[in-house]
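A.B. asks: What follows is target_4.txt, made up of compact mmCIF, C-alpha atoms:
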```txt
# COMPACT_ATOMS: atom_id res chain seq x y z
CA MET G 1 16.99 -20.73 -104.10
CA ALA G 2 16.74 -21.89 -100.54
CA LYS G 3 18.62 -24.81 -99.14
CA ILE G 4 16.18 -27.36 -97.72
CA VAL G 5 17.40 -28.98 -94.51
CA VAL G 6 15.59 -31.85 -92.81
CA VAL G 7 16.07 -32.51 -89.10
CA THR G 8 15.32 -36.18 -88.63
CA SER G 9 16.09 -39.19 -86.43
CA GLY G 10 13.61 -42.01 -86.82
CA LYS G 11 13.27 -42.38 -83.07
CA GLY G 12 11.11 -39.98 -81.08
CA GLY G 13 12.17 -37.85 -78.15
CA VAL G 14 15.82 -37.48 -79.14
CA GLY G 15 15.71 -33.71 -79.71
CA LYS G 16 14.57 -33.04 -83.29
CA THR G 17 12.32 -30.10 -82.46
CA THR G 18 14.81 -28.65 -79.96
CA THR G 19 17.45 -28.93 -82.68
CA SER G 20 15.25 -27.45 -85.42
CA ALA G 21 14.48 -24.45 -83.20
CA ALA G 22 18.12 -23.99 -82.21
CA ILE G 23 19.64 -24.41 -85.66
CA GLY G 24 16.95 -22.24 -87.27
CA ALA G 25 17.44 -19.45 -84.74
CA GLY G 26 21.22 -19.75 -85.14
CA LEU G 27 21.06 -19.46 -88.94
CA ALA G 28 18.74 -16.47 -88.70
CA LYS G 29 21.04 -14.78 -86.17
CA ALA G 30 23.87 -15.27 -88.65
CA GLY G 31 21.84 -13.16 -91.08
CA HIS G 32 20.22 -15.89 -93.21
CA ARG G 33 16.52 -15.69 -93.92
CA THR G 34 15.24 -18.87 -92.33
CA VAL G 35 11.87 -20.58 -92.03
CA LEU G 36 11.07 -23.47 -89.70
CA VAL G 37 8.42 -25.86 -91.03
CA ASP G 38 6.73 -28.32 -88.67
CA PHE G 39 5.90 -31.60 -90.48
CA ASP G 40 4.43 -33.28 -87.39
CA VAL G 41 0.79 -32.98 -88.43
CA GLY G 42 -1.56 -33.81 -85.57
CA LEU G 43 1.14 -33.50 -82.92
CA ARG G 44 2.63 -30.09 -83.51
CA ASN G 45 5.17 -28.87 -80.98
CA LEU G 46 7.56 -26.58 -82.79
CA ASP G 47 5.24 -23.64 -82.03
CA LEU G 48 5.50 -24.42 -78.31
CA ILE G 49 9.29 -24.79 -78.33
CA MET G 50 9.54 -21.50 -80.24
CA GLY G 51 7.13 -19.79 -77.85
CA CYS G 52 4.64 -18.72 -80.53
CA GLU G 53 1.82 -21.18 -79.78
CA ARG G 54 -0.68 -18.39 -79.16
CA ARG G 55 0.05 -16.73 -82.48
CA VAL G 56 -0.85 -19.66 -84.75
CA VAL G 57 -3.85 -18.72 -86.89
CA TYR G 58 -3.23 -20.62 -90.11
CA ASP G 59 -0.96 -23.62 -90.55
CA PHE G 60 0.95 -25.68 -93.13
CA ILE G 61 -2.14 -27.72 -94.07
CA ASN G 62 -4.24 -24.58 -94.58
CA VAL G 63 -1.62 -23.36 -97.04
CA ILE G 64 -1.47 -26.72 -98.83
CA HIS G 65 -5.27 -26.70 -99.18
CA GLU G 66 -5.19 -23.05 -100.28
CA GLU G 67 -7.35 -21.95 -97.36
CA ALA G 68 -4.70 -19.35 -96.48
CA SER G 69 -1.73 -17.73 -98.17
CA LEU G 70 1.81 -18.31 -97.00
CA ASN G 71 2.04 -14.73 -95.80
CA GLN G 72 -1.01 -15.29 -93.60
CA ALA G 73 0.39 -18.49 -92.14
CA LEU G 74 4.03 -17.52 -91.56
CA ILE G 75 4.72 -16.38 -87.99
CA ARG G 76 7.54 -13.89 -87.58
CA ASP G 77 9.78 -14.56 -84.58
CA LYS G 78 9.80 -11.62 -82.17
CA ARG G 79 13.35 -12.15 -80.89
CA VAL G 80 15.38 -12.92 -84.00
CA ASP G 81 15.18 -11.05 -87.30
CA ASN G 82 14.89 -13.16 -90.46
CA LEU G 83 13.24 -16.07 -88.60
CA PHE G 84 9.77 -17.40 -89.43
CA ILE G 85 7.71 -20.40 -88.35
CA LEU G 86 5.14 -22.38 -90.31
CA ALA G 87 3.18 -24.44 -87.79
CA ALA G 88 1.72 -27.89 -88.39
CA SER G 89 -1.98 -28.52 -88.12
CA GLN G 90 -3.12 -29.82 -84.75
CA THR G 91 -6.50 -31.12 -85.86
CA ARG G 92 -6.00 -33.01 -89.11
CA ASP G 93 -4.28 -36.29 -89.66
CA LYS G 94 -0.99 -36.94 -91.39
CA ASP G 95 -2.69 -37.88 -94.69
CA ALA G 96 -3.51 -34.20 -95.14
CA LEU G 97 0.09 -33.79 -96.33
CA THR G 98 0.41 -34.49 -100.04
CA GLU G 99 3.60 -34.66 -102.05
CA ASP G 100 2.34 -32.08 -104.56
CA GLY G 101 1.15 -29.76 -101.81
CA VAL G 102 4.42 -29.96 -99.88
CA GLU G 103 6.41 -29.38 -103.07
CA ARG G 104 4.32 -26.31 -103.94
CA VAL G 105 4.77 -24.76 -100.50
CA LEU G 106 8.51 -25.49 -100.40
CA THR G 107 8.95 -24.02 -103.88
CA GLU G 108 7.14 -20.86 -102.85
CA LEU G 109 9.23 -20.60 -99.65
CA SER G 110 12.39 -21.14 -101.70
CA ARG G 111 11.90 -17.79 -103.42
CA ASP G 112 12.00 -15.81 -100.19
CA PHE G 113 14.28 -17.74 -97.89
CA ASP G 114 17.90 -18.91 -97.67
CA TYR G 115 17.16 -21.92 -95.45
CA ILE G 116 14.05 -24.03 -95.00
CA ILE G 117 14.35 -26.21 -91.90
CA CYS G 118 11.95 -29.17 -92.00
CA ASP G 119 11.24 -30.52 -88.52
CA SER G 120 10.39 -34.17 -89.14
CA PRO G 121 7.99 -36.21 -87.01
CA ALA G 122 9.27 -39.42 -85.43
CA GLY G 123 8.87 -42.70 -87.28
CA ILE G 124 9.15 -43.38 -90.99
CA GLU G 125 5.58 -42.74 -92.09
CA ARG G 126 4.18 -40.19 -94.48
CA GLY G 127 5.07 -36.99 -92.60
CA ALA G 128 8.62 -38.15 -91.96
CA LEU G 129 9.11 -39.37 -95.54
CA LEU G 130 7.79 -36.08 -96.96
CA ALA G 131 10.00 -34.04 -94.62
CA MET G 132 12.98 -35.95 -96.03
CA TYR G 133 11.90 -36.16 -99.67
CA PHE G 134 12.81 -32.65 -100.85
CA ALA G 135 15.90 -32.20 -98.65
CA ASP G 136 19.30 -31.01 -99.83
CA GLU G 137 20.85 -31.59 -96.44
CA ALA G 138 19.96 -33.71 -93.42
CA ILE G 139 20.81 -33.29 -89.77
CA ILE G 140 20.50 -36.69 -88.11
CA VAL G 141 19.74 -36.21 -84.42
CA THR G 142 20.93 -39.20 -82.42
CA ASN G 143 21.20 -40.09 -78.74
CA PRO G 144 24.15 -42.27 -77.66
CA GLU G 145 21.86 -45.23 -77.08
CA VAL G 146 21.24 -48.42 -79.11
CA SER G 147 17.69 -47.88 -80.39
CA SER G 148 18.38 -44.31 -81.46
CA VAL G 149 21.56 -45.25 -83.34
CA ARG G 150 19.81 -48.11 -85.12
CA ASP G 151 16.89 -45.89 -86.13
CA SER G 152 19.30 -43.23 -87.37
CA ASP G 153 20.97 -45.80 -89.60
CA ARG G 154 17.58 -46.76 -90.97
CA VAL G 155 16.85 -43.12 -91.75
CA LEU G 156 20.20 -42.82 -93.53
CA GLY G 157 19.09 -45.68 -95.78
CA ILE G 158 15.89 -43.80 -96.63
CA LEU G 159 17.78 -40.56 -97.34
CA ALA G 160 20.01 -42.45 -99.75
CA SER G 161 17.18 -44.10 -101.66
CA LYS G 162 13.81 -42.39 -101.19
CA THR G 163 14.45 -38.69 -101.73
CA ARG G 164 13.97 -36.41 -104.71
CA ARG G 165 17.74 -36.27 -105.16
CA ALA G 166 17.90 -40.07 -105.31
CA ALA G 167 14.91 -40.25 -107.68
CA ASN G 168 16.47 -37.70 -110.06
CA GLY G 169 19.95 -39.20 -109.87
CA GLU G 170 21.30 -35.95 -108.41
CA PRO G 171 24.18 -35.75 -105.90
CA PRO G 172 23.07 -37.34 -102.61
CA VAL G 173 21.59 -35.51 -99.63
CA ARG G 174 24.42 -34.26 -97.42
CA GLU G 175 24.12 -36.08 -94.08
CA GLN G 176 25.52 -34.79 -90.80
CA LEU G 177 25.29 -36.26 -87.31
CA LEU G 178 24.22 -34.28 -84.28
CA LEU G 179 24.72 -36.29 -81.10
CA THR G 180 22.46 -35.02 -78.31
CA ARG G 181 22.04 -35.70 -74.57
CA TYR G 182 25.70 -36.63 -74.33
CA SER G 183 27.12 -37.31 -70.87
CA PRO G 184 30.94 -37.37 -70.74
CA LEU G 185 30.78 -38.79 -67.21
CA ARG G 186 28.75 -41.81 -68.27
CA VAL G 187 30.95 -42.30 -71.33
CA GLN G 188 34.02 -42.29 -69.10
CA LYS G 189 32.40 -44.88 -66.84
CA GLY G 190 31.76 -47.08 -69.86
CA GLU G 191 27.99 -46.79 -69.48
CA MET G 192 27.29 -44.78 -72.64
CA LEU G 193 28.38 -45.06 -76.26
CA SER G 194 31.08 -42.52 -76.99
CA VAL G 195 30.97 -40.02 -79.83
CA GLU G 196 33.68 -42.08 -81.54
CA ASP G 197 31.57 -45.25 -81.24
CA VAL G 198 28.53 -43.60 -82.83
CA LYS G 199 30.61 -42.01 -85.60
CA GLU G 200 32.18 -45.37 -86.38
CA ILE G 201 28.82 -47.13 -86.64
CA LEU G 202 26.94 -44.49 -88.64
CA ALA G 203 29.97 -43.38 -90.69
CA ILE G 204 28.81 -39.82 -91.39
CA ASP G 205 30.32 -36.41 -90.61
CA LEU G 206 29.85 -35.01 -87.12
CA LEU G 207 28.09 -31.65 -86.98
CA GLY G 208 28.14 -31.37 -83.21
CA VAL G 209 27.72 -32.89 -79.79
CA ILE G 210 25.14 -31.37 -77.45
CA PRO G 211 25.71 -32.23 -73.79
CA GLU G 212 22.86 -33.45 -71.58
CA SER G 213 21.85 -30.17 -69.99
CA GLN G 214 19.29 -28.65 -67.69
CA ALA G 215 19.33 -25.64 -70.01
CA VAL G 216 17.39 -27.57 -72.69
CA LEU G 217 14.42 -28.19 -70.39
CA ASN G 218 14.56 -24.66 -69.01
CA ALA G 219 14.52 -23.22 -72.53
CA SER G 220 11.59 -25.38 -73.65
CA ASN G 221 9.68 -24.48 -70.47
CA ALA G 222 10.08 -20.84 -71.43
CA GLY G 223 9.50 -21.28 -75.18
CA VAL G 224 12.96 -20.01 -76.09
CA PRO G 225 15.29 -21.77 -78.57
CA VAL G 226 18.14 -22.98 -76.35
CA ILE G 227 20.74 -21.42 -78.66
CA LEU G 228 19.57 -18.01 -77.40
CA GLU G 229 20.66 -19.03 -73.87
CA GLU G 230 24.14 -17.95 -74.80
CA GLU G 231 25.79 -18.73 -71.48
CA SER G 232 24.53 -22.32 -71.30
CA ASP G 233 26.60 -25.34 -72.36
CA ALA G 234 23.89 -26.64 -74.72
CA GLY G 235 23.40 -23.17 -76.20
CA GLN G 236 27.11 -22.85 -76.91
CA ALA G 237 27.27 -26.35 -78.37
CA TYR G 238 24.45 -25.41 -80.77
CA GLN G 239 26.24 -22.17 -81.66
CA ASP G 240 29.29 -24.24 -82.60
CA ALA G 241 27.11 -26.61 -84.64
CA VAL G 242 25.58 -23.71 -86.60
CA ALA G 243 29.04 -22.26 -87.29
CA ARG G 244 30.19 -25.68 -88.58
CA PHE G 245 27.02 -25.99 -90.64
CA LEU G 246 27.99 -22.71 -92.31
CA GLY G 247 31.45 -24.05 -93.09
CA GLU G 248 33.51 -22.80 -90.17
CA GLU G 249 35.90 -25.21 -88.45
CA ARG G 250 35.52 -25.34 -84.71
CA PRO G 251 36.85 -27.84 -82.18
CA HIS G 252 34.23 -29.97 -80.42
CA ARG G 253 33.63 -28.94 -76.81
CA PHE G 254 31.87 -30.58 -73.88
CA LEU G 255 33.29 -34.01 -74.74
CA GLN G 256 35.46 -34.30 -71.66
CA LEU G 257 34.75 -34.11 -67.97
CA GLU G 258 35.86 -31.04 -66.09
CA LYS G 259 39.32 -31.66 -64.62
CA LYS G 260 39.10 -32.92 -61.06
CA GLY G 261 41.52 -32.45 -58.19
CA LEU G 262 43.61 -35.28 -56.78
CA PHE G 263 40.99 -36.18 -54.19
CA GLY G 264 38.28 -36.30 -56.84
CA ARG G 265 40.40 -38.46 -59.09
CA LEU G 266 41.12 -40.95 -56.32
CA PHE G 267 37.67 -41.28 -54.85
CA GLY G 268 35.30 -39.63 -57.27
CA GLY G 269 32.78 -41.61 -59.14
CA MET I 1 38.93 -43.61 -64.11
CA SER I 2 39.30 -43.33 -60.37
CA PHE I 3 41.08 -45.63 -57.94
CA LEU I 4 37.80 -47.11 -56.72
CA ASP I 5 36.54 -47.68 -60.27
CA TYR I 6 39.44 -50.06 -60.78
CA PHE I 7 37.77 -52.51 -58.39
CA ARG I 8 34.25 -51.79 -59.61
CA SER I 9 34.99 -52.45 -63.25
CA GLN I 10 34.54 -56.19 -63.28
CA GLY I 11 33.22 -57.71 -66.47
CA LYS I 12 32.45 -55.96 -69.71
CA ARG I 13 31.32 -52.33 -69.75
CA SER I 14 27.78 -51.95 -71.04
CA ALA I 15 28.85 -49.39 -73.66
CA SER I 16 31.14 -51.86 -75.40
CA VAL I 17 28.38 -54.48 -75.39
CA ALA I 18 26.08 -51.89 -76.95
CA LYS I 19 28.63 -51.08 -79.63
CA GLU I 20 29.18 -54.72 -80.60
CA ARG I 21 25.43 -55.44 -80.78
CA LEU I 22 24.85 -52.34 -82.88
CA GLN I 23 27.63 -53.14 -85.31
CA ILE I 24 26.10 -56.56 -85.96
CA VAL I 25 22.48 -55.44 -86.33
CA VAL I 26 23.37 -52.42 -88.47
CA ALA I 27 25.56 -54.50 -90.79
CA ARG I 28 22.74 -57.01 -91.26
CA GLU I 29 20.13 -54.33 -91.94
CA ARG I 30 22.39 -52.54 -94.40
CA ALA I 31 22.95 -55.75 -96.33
CA ASN I 32 19.19 -56.06 -96.90
CA ARG I 33 18.81 -52.43 -97.90
CA GLY I 34 18.45 -51.07 -101.39
CA GLY I 35 17.44 -54.37 -102.94
CA PRO I 36 13.96 -55.21 -104.17
CA ASP I 37 11.29 -55.62 -101.49
CA TYR I 38 11.03 -59.36 -102.10
CA LEU I 39 14.63 -60.11 -101.08
CA PRO I 40 14.01 -60.80 -97.37
CA GLU I 41 11.15 -63.18 -98.19
CA LEU I 42 13.20 -64.91 -100.88
CA GLN I 43 15.98 -65.33 -98.35
CA SER I 44 13.72 -66.89 -95.72
CA GLU I 45 12.09 -69.26 -98.22
CA ILE I 46 15.46 -70.46 -99.48
CA LEU I 47 16.49 -71.00 -95.87
CA LYS I 48 13.37 -73.12 -95.31
CA VAL I 49 14.16 -75.27 -98.35
CA ILE I 50 17.77 -75.79 -97.25
CA ARG I 51 16.58 -76.75 -93.79
CA ARG I 52 14.44 -79.54 -95.23
CA TYR I 53 17.70 -81.31 -96.09
CA VAL I 54 20.40 -79.88 -93.82
CA GLU I 55 20.34 -78.40 -90.33
CA VAL I 56 21.79 -74.92 -90.79
CA ASP I 57 21.94 -71.68 -88.77
CA GLN I 58 19.54 -68.77 -89.17
CA ASP I 59 22.19 -66.74 -91.00
CA ALA I 60 23.43 -69.59 -93.21
CA VAL I 61 21.84 -68.05 -96.30
CA GLN I 62 23.33 -64.74 -97.44
CA ILE I 63 21.73 -63.06 -100.38
CA GLN I 64 22.90 -60.00 -102.26
CA LEU I 65 21.88 -58.19 -105.40
CA ASP I 66 24.66 -56.43 -107.32
CA ARG I 67 24.43 -54.31 -110.41
CA GLU I 68 27.03 -54.64 -113.13
CA GLY I 69 26.24 -52.32 -115.98
CA ASP I 70 22.82 -53.30 -117.32
CA CYS I 71 22.99 -56.66 -115.58
CA GLU I 72 21.73 -57.51 -112.10
CA VAL I 73 23.57 -60.32 -110.38
CA LEU I 74 21.89 -62.22 -107.56
CA GLU I 75 24.60 -63.62 -105.34
CA LEU I 76 23.58 -66.45 -103.08
CA ASN I 77 25.92 -67.74 -100.42
CA ILE I 78 24.90 -70.77 -98.40
CA THR I 79 27.11 -71.93 -95.56
CA LEU I 80 26.71 -75.61 -94.76
CA PRO I 81 27.82 -77.02 -91.41
CA GLU I 82 31.08 -78.98 -91.28
CA ARG I 83 30.74 -82.71 -91.80
CA HIS I 84 31.56 -84.91 -88.84
```
What is this file in structure tokens?
C.D. replies:
Amino acid sequence: MAKIVVVTSGKGGVGKTTTSAAIGAGLAKAGHRTVLVDFDVGLRNLDLIMGCERRVVYDFINVIHEEASLNQALIRDKRVDNLFILAASQTRDKDALTEDGVERVLTELSRDFDYIICDSPAGIERGALLAMYFADEAIIVTNPEVSSVRDSDRVLGILASKTRRAANGEPPVREQLLLTRYSPLRVQKGEMLSVEDVKEILAIDLLGVIPESQAVLNASNAGVPVILEEESDAGQAYQDAVARFLGEERPHRFLQLEKKGLFGRLFGG
Amino acid sequence: MSFLDYFRSQGKRSASVAKERLQIVVARERANRGGPDYLPELQSEILKVIRRYVEVDQDAVQIQLDREGDCEVLELNITLPERH
């Protein structure tokens, strides 16, 4: 039985797809059979971030409507063993997702995979609700900024009340926070909410902190999950997050500024 | 914090303003969560009725639904202004 993990945030543009790609690739590299499922019907982007946009023939909706089999629709990643992608449909609207259809596809995937990563669309409409509904675990992607934190809290409310686990009275969805686009410099200047501030407000476990990094844009330009850029700060932060997700304890890095010399400390900004 | 920052840092840092605002809005939204969908409307109608007789603040009416065993308890807390 696979573990179903939803990557969600409420707010758009905070790094859900980047995170789905990175965490999925990280889990697969650790030897777990992993499939990434794009729930953003009509606005698919996971294929582009994963660099397989030219290999999409059939998509999630085709499988739901039994126009293609899962084997026909799953795209095997060329860089990482054990990693597959199920793209969203670009042409249909979000109502093409049905609860029964999603459940059937997830059940079928569960037989073959260890982890199913559901990349949620922004907002709290159908696609987002369905991405959350069947989850066992949730990664809440949040930027240290007021609207993102508020939306994340809203999503936590939905995870607690409108999921299959809640409906069946099962143990709740495990919720973990991933703080992205973090700038220690701006936190130190008092211009950005600190990781402690966000943890205090949302009151969930911290999976990781991903620093604001040029590497994220570079990786998406190239269609490579940033976790495969092993030398980059963001790539290493995602590697730590995956290790923690798998139960390892690792200290959080990239939370402090690099140490400056005396001159820098006196006059630096 | 550098030597020059000491002189720059007049007034409240924006991050602490953000944190305070978030704590308030999140607490309010959580209080309304989980209850039946009609609770917010019930709350605003009760507020309107109170305001026909007494001038009270927007947040003078607090409403909460608790479950005790098989019983649901609707707790209504109305804060009236002090008398002068």
A.B. asks: Excluding Leu246 (chain G) and its own-chain neighbours fewer than 2 positions away, which residues fall within 12 Å of it when counting all atoms listed in the file? Please give them as an mmCIF file with C-alpha atoms, in the frame of the given file.
C.D. replies:
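Below you can see out.cif, which holds the result:
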```cif
data_model
loop_
_atom_site.group_PDB
_atom_site.id
_atom_site.type_symbol
_atom_site.label_atom_id
_atom_site.label_comp_id
_atom_site.auth_asym_id
_atom_site.auth_seq_id
_atom_site.Cartn_x
_atom_site.Cartn_y
_atom_site.Cartn_z
ATOM 1 C CA LYS G 3 18.620 -24.810 -99.140
ATOM 2 C CA ILE G 23 19.640 -24.410 -85.660
ATOM 3 C CA GLY G 26 21.220 -19.750 -85.140
ATOM 4 C CA LEU G 27 21.060 -19.460 -88.940
ATOM 5 C CA ALA G 28 18.740 -16.470 -88.700
ATOM 6 C CA ALA G 30 23.870 -15.270 -88.650
ATOM 7 C CA GLY G 31 21.840 -13.160 -91.080
ATOM 8 C CA HIS G 32 20.220 -15.890 -93.210
ATOM 9 C CA TYR G 115 17.160 -21.920 -95.450
ATOM 10 C CA LEU G 207 28.090 -31.650 -86.980
ATOM 11 C CA GLN G 239 26.240 -22.170 -81.660
ATOM 12 C CA ASP G 240 29.290 -24.240 -82.600
ATOM 13 C CA ALA G 241 27.110 -26.610 -84.640
ATOM 14 C CA VAL G 242 25.580 -23.710 -86.600
ATOM 15 C CA ALA G 243 29.040 -22.260 -87.290
ATOM 16 C CA ARG G 244 30.190 -25.680 -88.580
ATOM 17 C CA GLU G 248 33.510 -22.800 -90.170
ATOM 18 C CA GLU G 249 35.900 -25.210 -88.450
ATOM 19 C CA ARG G 250 35.520 -25.340 -84.710
#
```
A.B. asks: Skipping near chain neighbours, those fewer than 4 positions away, what residues fall within 12 Å of Leu217 (chain G) using all atoms listed in the file, listed as a VMD selection string?
C.D. replies: chain G and resid 15 18 49 181 212 to 213 221 to 226 229 232 234 to 235
A.B. asks: For CA of Val61 (chain I) and CA of Ile46 (chain I), quote the distance in Å rounded to one decimal.
C.D. replies: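 Computed distance, CA of Val61 (chain I) to CA of Ile46 (chain I), equals 7.5 Å.
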A.B. asks: One decimal, in Å: what's the spacing between CA of Pro171 (chain G) and CA of Asp70 (chain I)?
C.D. replies: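 Atom-to-atom, CA of Pro171 (chain G) and CA of Asp70 (chain I) are spaced 21.0 Å apart.
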A.B. asks: Ranking G:Thr107, G:Ser89, G:Ser194, G:Ser120 by minimum distance to Asp47 (chain G) and counting all atoms listed in the file, which one comes first?
C.D. replies: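 Using all atoms listed in the file, the shortest distance to Asp47 (chain G) belongs to G:Ser89.
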A.B. asks: Considering only C-alpha atoms, state which residue in the set G:Gly169, G:Gly101, G:Gly12, G:Gly190 is at the smallest distance from chain I.
C.D. replies: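 Using only C-alpha atoms, chain I sits closest to G:Gly190.
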A.B. asks: Any chance you could tabulate, as CSV, the residues of region 74-166 of chain G at most 9 Å from region 27-42 of chain I with each one's nearest atom pair and distance in Å to one decimal, using all atoms listed in the file, in chain and rising number order?
C.D. replies:
```
residue,atom,partner,partner_atom,distance
G:Asp153,CA,I:Arg30,CA,8.4
G:Arg154,CA,I:Glu29,CA,8.0
G:Gly157,CA,I:Arg33,CA,7.1
G:Ala160,CA,I:Gly34,CA,8.9
G:Ser161,CA,I:Gly34,CA,7.1
```
A.B. asks: Find the spatial neighbours of Leu206 (chain G), counting only C-alpha atoms, within a cut-off of 10 Å - ignore same-chain residues fewer than 4 positions away - and output them as a VMD selection string.
C.D. replies: chain G and resid 139 to 140 175 to 179 195 to 196 198 to 199 241 244 252
A.B. asks: Those same residues, written as a PDB file, in the frame of the given file with C-alpha atoms?
C.D. replies:
```
ATOM      1  CA  ILE G 139      20.810 -33.290 -89.770  1.00  0.00           C
ATOM      2  CA  ILE G 140      20.500 -36.690 -88.110  1.00  0.00           C
ATOM      3  CA  GLU G 175      24.120 -36.080 -94.080  1.00  0.00           C
ATOM      4  CA  GLN G 176      25.520 -34.790 -90.800  1.00  0.00           C
ATOM      5  CA  LEU G 177      25.290 -36.260 -87.310  1.00  0.00           C
ATOM      6  CA  LEU G 178      24.220 -34.280 -84.280  1.00  0.00           C
ATOM      7  CA  LEU G 179      24.720 -36.290 -81.100  1.00  0.00           C
ATOM      8  CA  VAL G 195      30.970 -40.020 -79.830  1.00  0.00           C
ATOM      9  CA  GLU G 196      33.680 -42.080 -81.540  1.00  0.00           C
ATOM     10  CA  VAL G 198      28.530 -43.600 -82.830  1.00  0.00           C
ATOM     11  CA  LYS G 199      30.610 -42.010 -85.600  1.00  0.00           C
ATOM     12  CA  ALA G 241      27.110 -26.610 -84.640  1.00  0.00           C
ATOM     13  CA  ARG G 244      30.190 -25.680 -88.580  1.00  0.00           C
ATOM     14  CA  HIS G 252      34.230 -29.970 -80.420  1.00  0.00           C
TER      15      HIS G 252
END
```
A.B. asks: Which residue out of I:Glu55, I:Glu20, I:Glu72, I:Glu45 has the minimum interatomic distance to chain G when all atoms listed in the file are used?
C.D. replies: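 Of I:Glu55, I:Glu20, I:Glu72, I:Glu45, the one nearest chain G, counting all atoms listed in the file, is I:Glu20.
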A.B. asks: Got a sec: who's within 9 Å of Phe84 (chain G), counting only C-alpha atoms, leaving out chain neighbours fewer than 6 positions off, as a list in words?
C.D. replies: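 The residues that qualify are Gly24, Arg33, Thr34, Val35, Leu36, Val37, Leu74, Ile75, Arg76 and Asp77 of chain G.
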